[in-house]
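A.B. asks: One structure is given below, represented as structure tokens, and several questions about it will come after.
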Amino acid sequence: MTAELHEELTDPHADQLDHGAASSRPLKSRISEPQPRGAKIHGNRPVDQSEAANRFMAATEHEAMHDARLWDLRQKRDKEMHGIEEWEELRNLASGIKEHTLSKLDYYLELFEKNATANGIKVHWAKDGAEHNAIVLEILRSKGVERLIKSKSMLTEECGFREFMAENNVEVIETDLGERIQQLDDEAPSHVVVPAVHKLRTDVASVFAKTIGSDPDNADAHYLTECQREATRPLILSAQAGMTGGNFVVAETGTFVVCTNEGNADLSANTPPLHIASIGIEKLIPGLDDLPVFIRLLSRSALGSPITQYTSHFRGPREGGEMHVVLVDNGRSARLGMEKFWPGLKCIRCGACMNTCPVFRRSGGLSYGATYAGPIGLIIDPTFNVHKYRNLPYSSTMNGSCTNVCPVKINIHEQIADWRKTLAGEGEISPVKKVMMKAAGEVLASPVVYRASLPLGRSALRHLPHFMLYNKLNTWGRKRDIPETPKQTFNEWYRKNRKQQDEGKKS
Amino acid sequence: MSGSREAILDTIRKNHVQGDRPRPTVPLFDQAAPADLKALFQKSLERMGGKMLTPDVADPMAPVRQAIVKPGPVLSCVPEFEGDMKITPQTKPTDIAPVEYAVLRAAFGVAETGSLCFTEKQLLVNTTGFLPQHLVILLDPAQIVYNLHNAYQRPEWTQAHYAVFQSGPSATADIEGVLVHGAQGVRSLSVLFHPVS
């Protein structure tokens, strides 16, 4: 396929503009190398995130680009934050509004249902992903739909929606560029906002060459984007139904709001006669006064742009059209009752915690082997399957940066620590950690044994050969140097220098 | 499925977050609003990738004509400008696909973000905002609000079934962070300050 290159696409200043998900400075991969794939999934067995992370780090060009790209987004976010005097007040408000709504969620869901229904929206309720898929399939079958165009939705990823529709002979076309790349490569999104951020331009060129017939030797981002536009447009025009998610749901007006940069949600919703929106029940907010708090925080936190290019508000079907909303629980109502973990339901899926996380930036979102990656994934994924995702809460340095950038003030790093305790309490802990914890437990339980062990450990750290410190059991030694060990323990130093002095003071 | 509705609501009631969590009052945060919202709007629009057209007092529609540089059908949804195409009651959403330029009027603008609000009242057929290759937009400077808090005080939200903030053209940077305009929606967006006649 030859894409007609429009001059807008080659605007020499375009790279310097910092709206959308653009980098604030040009970043370009220098070499092509095979793309590392995500975590290996073996049924219900615990996902080994560090195994997949090691493979990602071994692909040095991928790791470097991923790290630089996401850190740039984090810096753009900081710049936006400093430009808004009331930033911290907005975060407090956002957190307060979400907590209030979650404390009266039944009331606000019923209020939304009443208002949306009055405006002509058909509201459905699904307890889990399977029921969601069945409801949507029934609507599509009743209209004889064979092709569905959709915008990005993490909820439909949770539901295994695309796979289910493929089994039922409905063609699903993702219209977000990043999500389309991932669909064509048969891979899950690796990030909630930038789904293909783990891929180099050469990876995209190879996927498009195989699937939509682009030139395999042309890895220019403008060319590849244009090829996708030309390939997707006829599919948009011929689809019989469109699907979107929902970023926010306003109970008092019966409105749901969708934020995109590409305008693909508006095309999906407005081109075919049927619009279905799949929305998690935690997306509710009370009224229109609350909405700007979130619109002002979302894109600034996610990408460091003041607002998404498109912020779309749906309050009822258009003339001659049909609109459905499927409210999906899929574990959320149960999570509401988890004393330590309910604040995760405040999440607005901005991805700021991922962009700032040193583990995420170096290991790639697919290494988590779960729908939600990064810090927010560590505290959400175990609520879906505690055994399968029991290793994830350990994929954190506990630096707390995730909590600091969260626009709705979720205590992410504290919840990570709480998950570690909860998992240990439930016996969901890997055999290696069990042995280490038992030994550590015995030493730490006795002050005498602990003190005696310190000089030994110190001497061992200084004299042990490199391979004994940096081995598979010591995960801290990977990609990290152990700090130089002091010649004395604090206790030894204290006894020598201060003890007599202090005792003299007391007497 | 009504069984699930009751089951979900019952679980929520059983698990409700404890404690008194009153609904916060959200201020408008507009004390620092400048007197000249036009300048702030322009700065924000340009940051989002939009273009401002220079008004022409003698010939108000000249900037619109000059902005139309490519061949192809021009659709006008405004009485001030004569295009090649008009929306009729028979126009289907997909009929907009061949349009090169659409000329629209925004309901209002937001200075903080350079956003333009459209509802079905301005779009006539909703796809006129997204399927054309380029948009040229008329905005009455009297209809610019300072920030998003002010914007959500407007009446459109409880009148229209569909309303959108468009802030610059369609944009993507999904491939290595390289900004490309026209991912799916419009490739360019130009705005002319022009009061409602």
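By order in the structure tokens, chains are A, B, ...; within a chain, residues start at 1; ligands start at 1, following the order shown.
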For Gly50 in chain B, find every residue with an atom within 8 Å (counting only C-alpha atoms), except residues of its own chain fewer than 2 positions away, and show them as a VMD selection string.
C.D. replies: chain B and resid 45 to 48 52 167 to 169 188 to 191
A.B. asks: Next, the residues of the selection above should be written as a JSON list (two decimals), in the first residue's frame with N, CA and C atoms.
C.D. replies:
```
[["chain", "number", "residue", "atom", "x", "y", "z"],
["B", 45, "LEU", "N", -5.18, 27.22, 22.06],
["B", 45, "LEU", "CA", -5.54, 26.51, 20.83],
["B", 45, "LEU", "C", -4.28, 26.14, 20.04],
["B", 46, "GLU", "N", -3.34, 27.09, 19.96],
["B", 46, "GLU", "CA", -2.12, 26.83, 19.19],
["B", 46, "GLU", "C", -1.28, 25.75, 19.86],
["B", 47, "ARG", "N", -1.28, 25.74, 21.18],
["B", 47, "ARG", "CA", -0.57, 24.67, 21.89],
["B", 47, "ARG", "C", -1.16, 23.30, 21.54],
["B", 48, "MET", "N", -2.47, 23.24, 21.34],
["B", 48, "MET", "CA", -3.14, 21.97, 21.03],
["B", 48, "MET", "C", -3.06, 21.62, 19.54],
["B", 52, "MET", "N", -5.16, 29.83, 14.36],
["B", 52, "MET", "CA", -6.06, 30.97, 14.38],
["B", 52, "MET", "C", -5.99, 31.68, 13.04],
["B", 167, "SER", "N", -10.32, 20.00, 20.90],
["B", 167, "SER", "CA", -9.20, 20.87, 21.27],
["B", 167, "SER", "C", -8.06, 20.58, 20.31],
["B", 168, "GLY", "N", -8.04, 21.30, 19.21],
["B", 168, "GLY", "CA", -7.06, 21.01, 18.16],
["B", 168, "GLY", "C", -7.52, 19.84, 17.30],
["B", 169, "PRO", "N", -6.70, 19.48, 16.31],
["B", 169, "PRO", "CA", -7.07, 18.38, 15.41],
["B", 169, "PRO", "C", -6.85, 17.01, 16.06],
["B", 188, "SER", "N", -6.55, 18.93, 10.23],
["B", 188, "SER", "CA", -6.24, 20.28, 10.68],
["B", 188, "SER", "C", -7.52, 20.96, 11.16],
["B", 189, "LEU", "N", -7.33, 21.96, 12.02],
["B", 189, "LEU", "CA", -8.46, 22.68, 12.60],
["B", 189, "LEU", "C", -8.09, 24.16, 12.70],
["B", 190, "SER", "N", -8.86, 25.02, 12.02],
["B", 190, "SER", "CA", -8.59, 26.46, 12.05],
["B", 190, "SER", "C", -9.80, 27.18, 12.63],
["B", 191, "VAL", "N", -9.52, 28.27, 13.34],
["B", 191, "VAL", "CA", -10.60, 29.01, 14.02],
["B", 191, "VAL", "C", -10.56, 30.47, 13.60]]
```
A.B. asks: Could you give me, as a PyMOL selection string, the residues within 10 Å of Gly377 in chain A, counting only C-alpha atoms and dropping anything in the same chain fewer than 3 positions from it?
C.D. replies: chain A and resi 344+353-354+365+368+370-374+380-383+389+392-393+412+416
A.B. asks: Given the selection you just returned, output its residues as a file containing C-alpha atoms, formatted as a PDB file, in the first residue's frame.
C.D. replies:
```pdb
ATOM      1  CA  GLY A 344      -8.113   1.322  44.225  1.00  0.00           C
ATOM      2  CA  CYS A 353       1.843   5.689  38.227  1.00  0.00           C
ATOM      3  CA  MET A 354       3.196   3.575  35.369  1.00  0.00           C
ATOM      4  CA  GLY A 365       3.774  -3.534  30.720  1.00  0.00           C
ATOM      5  CA  TYR A 368       3.066  -8.300  34.328  1.00  0.00           C
ATOM      6  CA  ALA A 370      -2.235  -9.151  33.568  1.00  0.00           C
ATOM      7  CA  THR A 371      -4.796  -6.654  32.245  1.00  0.00           C
ATOM      8  CA  TYR A 372      -3.451  -3.902  34.507  1.00  0.00           C
ATOM      9  CA  ALA A 373       0.302  -3.390  34.682  1.00  0.00           C
ATOM     10  CA  GLY A 374       2.508  -1.153  36.786  1.00  0.00           C
ATOM     11  CA  ILE A 380      -5.849  -4.424  41.350  1.00  0.00           C
ATOM     12  CA  ASP A 381      -4.749  -7.677  39.684  1.00  0.00           C
ATOM     13  CA  PRO A 382      -4.675  -9.785  42.893  1.00  0.00           C
ATOM     14  CA  THR A 383      -8.354  -8.908  43.454  1.00  0.00           C
ATOM     15  CA  TYR A 389      -0.909 -12.567  40.541  1.00  0.00           C
ATOM     16  CA  LEU A 392       3.161  -8.898  41.349  1.00  0.00           C
ATOM     17  CA  PRO A 393       3.131  -6.884  44.617  1.00  0.00           C
ATOM     18  CA  ILE A 412      -0.698   2.844  46.025  1.00  0.00           C
ATOM     19  CA  ILE A 416       1.420  -2.785  47.796  1.00  0.00           C
TER      20      ILE A 416
END
```
A.B. asks: Ranking B:Leu104, B:Ile137, B:Leu124, B:Ala67 by minimum distance to chain A and counting only C-alpha atoms, which one comes first?
C.D. replies: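 Looking only at the distances to chain A, the closest residue turns out to be B:Leu124.
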A.B. asks: As a PyMOL selection string, could you give me every residue of chain B near chain A (at most 7 Å apart, counting only C-alpha atoms)?
C.D. replies: chain B and resi 1+4-5+8-9+11-13+15-18+21-24+26+47-48+93-94+113+126-127+130+148-149+152+158+161-181+183-185+187
A.B. asks: CA of Pro73 in chain B to CA of Ala107 in chain B: how many Å, to one decimal?
C.D. replies: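 Between CA of Pro73 in chain B and CA of Ala107 in chain B the gap works out to 23.9 Å.
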A.B. asks: Would you compute the distance between CA of Ala142 in chain B and CA of Leu75 in chain B? Give it in Å to one decimal.
C.D. replies: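 So the two atoms, CA of Ala142 in chain B and CA of Leu75 in chain B, lie 25.2 Å apart.
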A.B. asks: Per DSSP on the backbone, what are the alpha helix (DSSP H) residues of range 151-352 of chain A, as a ChimeraX atom specification?
C.D. replies: /A:154-158,161-167,177-184,201-211,221-238,264-270,291-303,332-335,352
A.B. asks: Between CA of Val145 in chain B and CA of Ala39 in chain B, measure the distance and give it in Å to one decimal.
C.D. replies: 12.2 Å
A.B. asks: Looking at A:Glu113, A:Glu484, A:Glu33, A:Asp67, which one is nearest to Gly364 in chain A, with distances taken over only C-alpha atoms?
C.D. replies: A:Asp67
